[in-house]
Amino acid sequence: MAAGALYSFPAVDQFREVSIVSVAPNGGNSESFHINIPVDRVMVGATGKDSSVPLGLAWPTDDIFENVSTEVFKVRNVRGAVIGIAARTVAKEGTVDIADWIIHLPARGSLFVNMGSKPKVGRPRIGQLRAGSQEFDDLQGFVAESWVSDTSGEEGVQRGRIELLATYVSTSEHRVASQTELPE
Amino acid sequence: MKYVVVLIVGILTGAALFAVGLAYNPFVGKAALSPLAVTESQTVTLGYSAVASESLMFTNDGESRIPPYPEKIQQLWEDPIRQTDAMATVLRDGRNQVAGLGIKVASAAESTRLVERKALINSVWYVYLPGRGSFFVEQTENYWDYLRDIVLPAYRSSAGTWKGIWTGNVTVGPGALGTARVVGGSGEFDGLEMLGVESLSVRTWRVAGGPLAADGQLTIELPADQSDNE
């Protein structure tokens, strides 16, 4: 009876917000996430930065972290509900800029995105979906990152939102190669 | 009335015997050997402290056994992320030198089946090693042995503390051999598909606060042709 009860009642039942996924014009699906700054910041770590988050964060002072900064955020869906956690790490390796995202949506899976070079002002930065887990396991695609500034707040406080538009195409579709080319 | 009492006592006794049998089944051993222990390829070994207060940051819903660190960090209290932990930590190489930064996000897995000895966690690591590059680790972890060997004895202890030496692999998938999937992002790892295993070594664990002396280790197996280049 105890065994039956353990089988019947799941030990873990993740809460799910309804996924808001739309069909992309050229095939595949697209999904929009955003992060409200500063309220969704969980951690901001960077060498020499006075405004680390949270208070008391002891960011390492080793030389190898000189050009590295990492932020951890809560991620929201288009309705503004928190649905996951994301981390963004930016580093400079010589002349190469590295900017990587991981986006973790507990009931669904995770995305690993490797951003491309910095775009012109006003254009989104595009990154390639390098890997995914669970629901995102067999998907390819890209993520466009853009910053929308909010100037209505008090001066000296950075406010706004980071918008992430993910476009996925299943790798099981035969047209994948042409559909997952990064947009100009 | 007598039969109802007998029935209830019988059910409770059966459930207790079942729980004891599940936890202390002598015919089920611990998987001690890492699937990467016998690899001939070169590996990258990265160690970290598995004690929350020794990490850069650790956060959860704020009501779990392990308190968030630093104290003022935002907690993950919203329903969809309530069963999720996030950690950022410094990673050290095999010579105990600072090698990079690791961010781990882990959520309780709905595929958990205690009756099958599966206390599962779905987790991902993002690892950045300055001068070398970045990679992503995706894994399923099983904490059944950890719960049985450390957590249960700590609860049974009058001091609420477990002390000893426990070492075990927590990675059980998604790879067929119980390995994590590792995907390179930049630098020397760019474009590589690799395997990985995470293991824990615990020396002290307290009911109030979780691990007090514990280390973790990520072992990443580089592809054969990459090893040849080094």
# chains A, B, ... in the order shown; residues from 1 in each chain; ligands from 1
>>> interface_residues(of="chain A", to="chain B", cutoff="7 Å", atoms="only C-alpha atoms", output="PyMOL selection string")
chain A and resi 2-3+6-7+11-16+42+54-59+64+82-84+93+106+112+114+131+133
>>> residues_around(residues="A:Gly48", least_positions_apart="5", cutoff="10 Å", atoms="only C-alpha atoms", output="JSON, numbers by chain")
{"A": [59, 61, 66, 67]}
>>> select_by_dssp(residues="chain A", states="alpha helix (DSSP H)", output="PyMOL selection string")
chain A and resi 2-8+176-179
>>> residues_around(residues="A:Ile102", least_positions_apart="5", cutoff="7 Å", atoms="only C-alpha atoms", output="list in words")
Ala86, Ala87, Arg88, Ser110, Leu111, Phe112 and Val113 of chain A
>>> write_last_selection(atoms="C-alpha atoms", output="PDB file, in the first residue's frame")
ATOM      1  CA  ALA A  86      19.053  33.202 -16.004  1.00  0.00           C
ATOM      2  CA  ALA A  87      22.747  33.941 -15.763  1.00  0.00           C
ATOM      3  CA  ARG A  88      24.736  36.150 -18.088  1.00  0.00           C
ATOM      4  CA  SER A 110      17.440  24.943 -19.882  1.00  0.00           C
ATOM      5  CA  LEU A 111      19.004  26.871 -22.746  1.00  0.00           C
ATOM      6  CA  PHE A 112      22.665  27.693 -23.324  1.00  0.00           C
ATOM      7  CA  VAL A 113      23.189  30.647 -25.630  1.00  0.00           C
TER       8      VAL A 113
END
>>> residues_around(residues="stretch 33-40 of chain A", least_positions_apart="3", cutoff="8 Å", atoms="only C-alpha atoms", output="list in words")
Phe73, Lys74, Val75, Arg76, Asn77, Val78, Gly80, Gln158, Arg159, Gly160, Arg161, Ile162, Glu163, Leu164, Leu165 and Ala166 of chain A
>>> closest_residue(among="A:Glu31, A:Glu71, A:Asp97, A:Asp50", to="A:Phe142", atoms="only C-alpha atoms")
A:Glu31
>>> select_by_dssp(residues="stretch 56-171 of chain A", states="strand (DSSP E)", output="NGL selection string")
:A and (68-76 or 82-93 or 96-105 or 109-115 or 125-132 or 139-149 or 160-170)
>>> closest_residue(among="B:Met194, B:Ile165, B:Ala180, B:Val51", to="B:Gly209", atoms="only C-alpha atoms")
B:Val51
>>> closest_residue(among="A:Ser19, A:Thr167, A:Ser152, A:Thr95", to="A:Leu139", atoms="only C-alpha atoms")
A:Thr167
>>> closest_residue(among="B:Gly102, B:Gly160, B:Gly62, B:Pro67", to="B:Ser49", atoms="only C-alpha atoms")
B:Gly102
>>> residues_around(residues="stretch 213-227 of chain B", least_positions_apart="6", cutoff="10 Å", atoms="only C-alpha atoms", output="MDAnalysis selection string")
chainID B and resid 34 36:37 39:52 54 91:94 125 137 163 165:171 179:182 188:189 192:206
>>> write_last_selection(atoms="N, CA and C atoms", output="short mmCIF file (atom, residue, chain, number, x, y, z; two decimals), in the first residue's frame")
data_model
loop_
_atom_site.label_atom_id
_atom_site.label_comp_id
_atom_site.auth_asym_id
_atom_site.auth_seq_id
_atom_site.Cartn_x
_atom_site.Cartn_y
_atom_site.Cartn_z
N SER B 34 33.27 6.12 -10.90
CA SER B 34 32.82 7.08 -11.88
C SER B 34 32.99 6.48 -13.27
N LEU B 36 33.90 7.95 -15.74
CA LEU B 36 35.07 8.57 -16.36
C LEU B 36 36.37 8.13 -15.69
N ALA B 37 36.26 7.28 -14.66
CA ALA B 37 37.47 6.85 -13.95
C ALA B 37 38.37 6.00 -14.84
N THR B 39 38.53 6.35 -18.21
CA THR B 39 38.72 6.96 -19.53
C THR B 39 40.21 7.10 -19.86
N GLU B 40 40.51 6.99 -21.14
CA GLU B 40 41.89 7.20 -21.57
C GLU B 40 42.08 8.62 -22.10
N SER B 41 40.98 9.34 -22.20
CA SER B 41 41.05 10.72 -22.68
C SER B 41 41.49 11.64 -21.55
N GLN B 42 41.94 12.81 -21.94
CA GLN B 42 42.33 13.79 -20.95
C GLN B 42 41.09 14.37 -20.28
N THR B 43 41.19 14.67 -19.00
CA THR B 43 40.04 15.23 -18.29
C THR B 43 40.39 16.59 -17.68
N VAL B 44 39.36 17.39 -17.49
CA VAL B 44 39.50 18.66 -16.77
C VAL B 44 38.80 18.45 -15.43
N THR B 45 39.52 18.67 -14.34
CA THR B 45 38.93 18.48 -13.01
C THR B 45 38.81 19.84 -12.32
N LEU B 46 37.61 20.13 -11.88
CA LEU B 46 37.35 21.42 -11.23
C LEU B 46 36.69 21.18 -9.88
N GLY B 47 37.28 21.71 -8.84
CA GLY B 47 36.73 21.51 -7.51
C GLY B 47 36.08 22.78 -6.98
N TYR B 48 35.15 22.62 -6.06
CA TYR B 48 34.50 23.77 -5.43
C TYR B 48 34.04 23.37 -4.04
N SER B 49 33.79 24.35 -3.21
CA SER B 49 33.26 24.07 -1.89
C SER B 49 31.75 23.87 -2.00
N ALA B 50 31.25 22.79 -1.42
CA ALA B 50 29.81 22.51 -1.46
C ALA B 50 29.10 23.06 -0.23
N VAL B 51 29.76 23.97 0.48
CA VAL B 51 29.15 24.63 1.63
C VAL B 51 28.64 26.00 1.15
N ALA B 52 27.36 26.25 1.38
CA ALA B 52 26.74 27.46 0.81
C ALA B 52 27.48 28.73 1.21
N GLU B 54 30.47 29.20 1.73
CA GLU B 54 31.81 29.32 1.14
C GLU B 54 31.73 29.56 -0.36
N LEU B 91 35.84 28.07 -9.02
CA LEU B 91 36.28 26.71 -9.32
C LEU B 91 37.80 26.64 -9.26
N ARG B 92 38.29 25.54 -8.72
CA ARG B 92 39.74 25.35 -8.59
C ARG B 92 40.17 24.14 -9.39
N ASP B 93 41.39 24.22 -9.93
CA ASP B 93 41.88 23.10 -10.73
C ASP B 93 42.48 22.03 -9.82
N GLY B 94 43.06 21.01 -10.43
CA GLY B 94 43.60 19.88 -9.68
C GLY B 94 44.72 20.27 -8.73
N TRP B 125 25.15 23.55 -15.21
CA TRP B 125 26.30 24.37 -14.81
C TRP B 125 26.68 25.24 -16.00
N VAL B 137 27.06 22.43 -18.78
CA VAL B 137 26.89 21.04 -18.33
C VAL B 137 25.41 20.83 -18.02
N LYS B 163 28.76 12.99 10.91
CA LYS B 163 30.19 13.20 10.64
C LYS B 163 30.77 11.91 10.09
N ILE B 165 33.10 10.30 6.37
CA ILE B 165 33.62 10.61 5.04
C ILE B 165 32.73 9.90 4.04
N TRP B 166 32.02 10.69 3.26
CA TRP B 166 31.13 10.14 2.24
C TRP B 166 31.55 10.71 0.90
N THR B 167 31.82 9.86 -0.03
CA THR B 167 32.18 10.31 -1.37
C THR B 167 31.30 9.57 -2.37
N GLY B 168 30.73 10.28 -3.28
CA GLY B 168 29.88 9.61 -4.26
C GLY B 168 29.62 10.47 -5.48
N ASN B 169 29.33 9.80 -6.60
CA ASN B 169 28.93 10.52 -7.81
C ASN B 169 27.45 10.80 -7.72
N VAL B 170 27.07 12.00 -8.04
CA VAL B 170 25.64 12.32 -8.03
C VAL B 170 25.05 12.33 -9.43
N THR B 171 25.90 12.43 -10.44
CA THR B 171 25.40 12.46 -11.82
C THR B 171 24.91 11.07 -12.23
N THR B 179 26.43 9.74 -17.31
CA THR B 179 27.29 10.92 -17.43
C THR B 179 26.45 12.15 -17.82
N ALA B 180 27.00 13.31 -17.51
CA ALA B 180 26.36 14.56 -17.90
C ALA B 180 26.74 14.89 -19.34
N ARG B 181 25.90 15.69 -19.99
CA ARG B 181 26.21 16.17 -21.34
C ARG B 181 26.88 17.53 -21.20
N VAL B 182 28.02 17.68 -21.84
CA VAL B 182 28.78 18.93 -21.74
C VAL B 182 28.96 19.50 -23.14
N GLU B 188 38.83 27.21 -26.18
CA GLU B 188 39.27 25.87 -26.58
C GLU B 188 38.15 24.84 -26.52
N PHE B 189 37.03 25.20 -25.87
CA PHE B 189 35.90 24.26 -25.79
C PHE B 189 34.87 24.50 -26.90
N LEU B 192 32.78 21.76 -28.92
CA LEU B 192 33.04 20.40 -28.44
C LEU B 192 31.81 19.82 -27.74
N GLU B 193 31.60 18.54 -27.94
CA GLU B 193 30.58 17.79 -27.19
C GLU B 193 31.37 16.87 -26.26
N MET B 194 31.14 16.97 -24.97
CA MET B 194 31.94 16.23 -24.00
C MET B 194 31.04 15.52 -23.00
N LEU B 195 31.68 14.75 -22.12
CA LEU B 195 30.95 14.07 -21.05
C LEU B 195 31.46 14.61 -19.72
N GLY B 196 30.64 14.52 -18.70
CA GLY B 196 31.07 14.99 -17.39
C GLY B 196 30.42 14.22 -16.26
N VAL B 197 31.01 14.33 -15.10
CA VAL B 197 30.46 13.70 -13.89
C VAL B 197 30.68 14.67 -12.73
N GLU B 198 29.68 14.82 -11.89
CA GLU B 198 29.84 15.62 -10.68
C GLU B 198 29.84 14.68 -9.48
N SER B 199 30.75 14.92 -8.58
CA SER B 199 30.81 14.09 -7.37
C SER B 199 30.87 14.99 -6.14
N LEU B 200 30.51 14.42 -5.03
CA LEU B 200 30.53 15.15 -3.76
C LEU B 200 31.34 14.39 -2.74
N SER B 201 31.99 15.11 -1.87
CA SER B 201 32.70 14.52 -0.75
C SER B 201 32.26 15.30 0.50
N VAL B 202 31.56 14.60 1.39
CA VAL B 202 30.97 15.27 2.56
C VAL B 202 31.63 14.74 3.83
N ARG B 203 31.95 15.65 4.74
CA ARG B 203 32.57 15.26 6.01
C ARG B 203 31.68 15.59 7.21
N THR B 204 30.94 16.69 7.12
CA THR B 204 30.03 17.05 8.21
C THR B 204 28.74 17.60 7.62
N TRP B 205 27.62 17.13 8.16
CA TRP B 205 26.31 17.59 7.68
C TRP B 205 25.41 17.80 8.88
N ARG B 206 24.75 18.94 8.93
CA ARG B 206 23.87 19.25 10.08
C ARG B 206 22.43 19.42 9.62
#
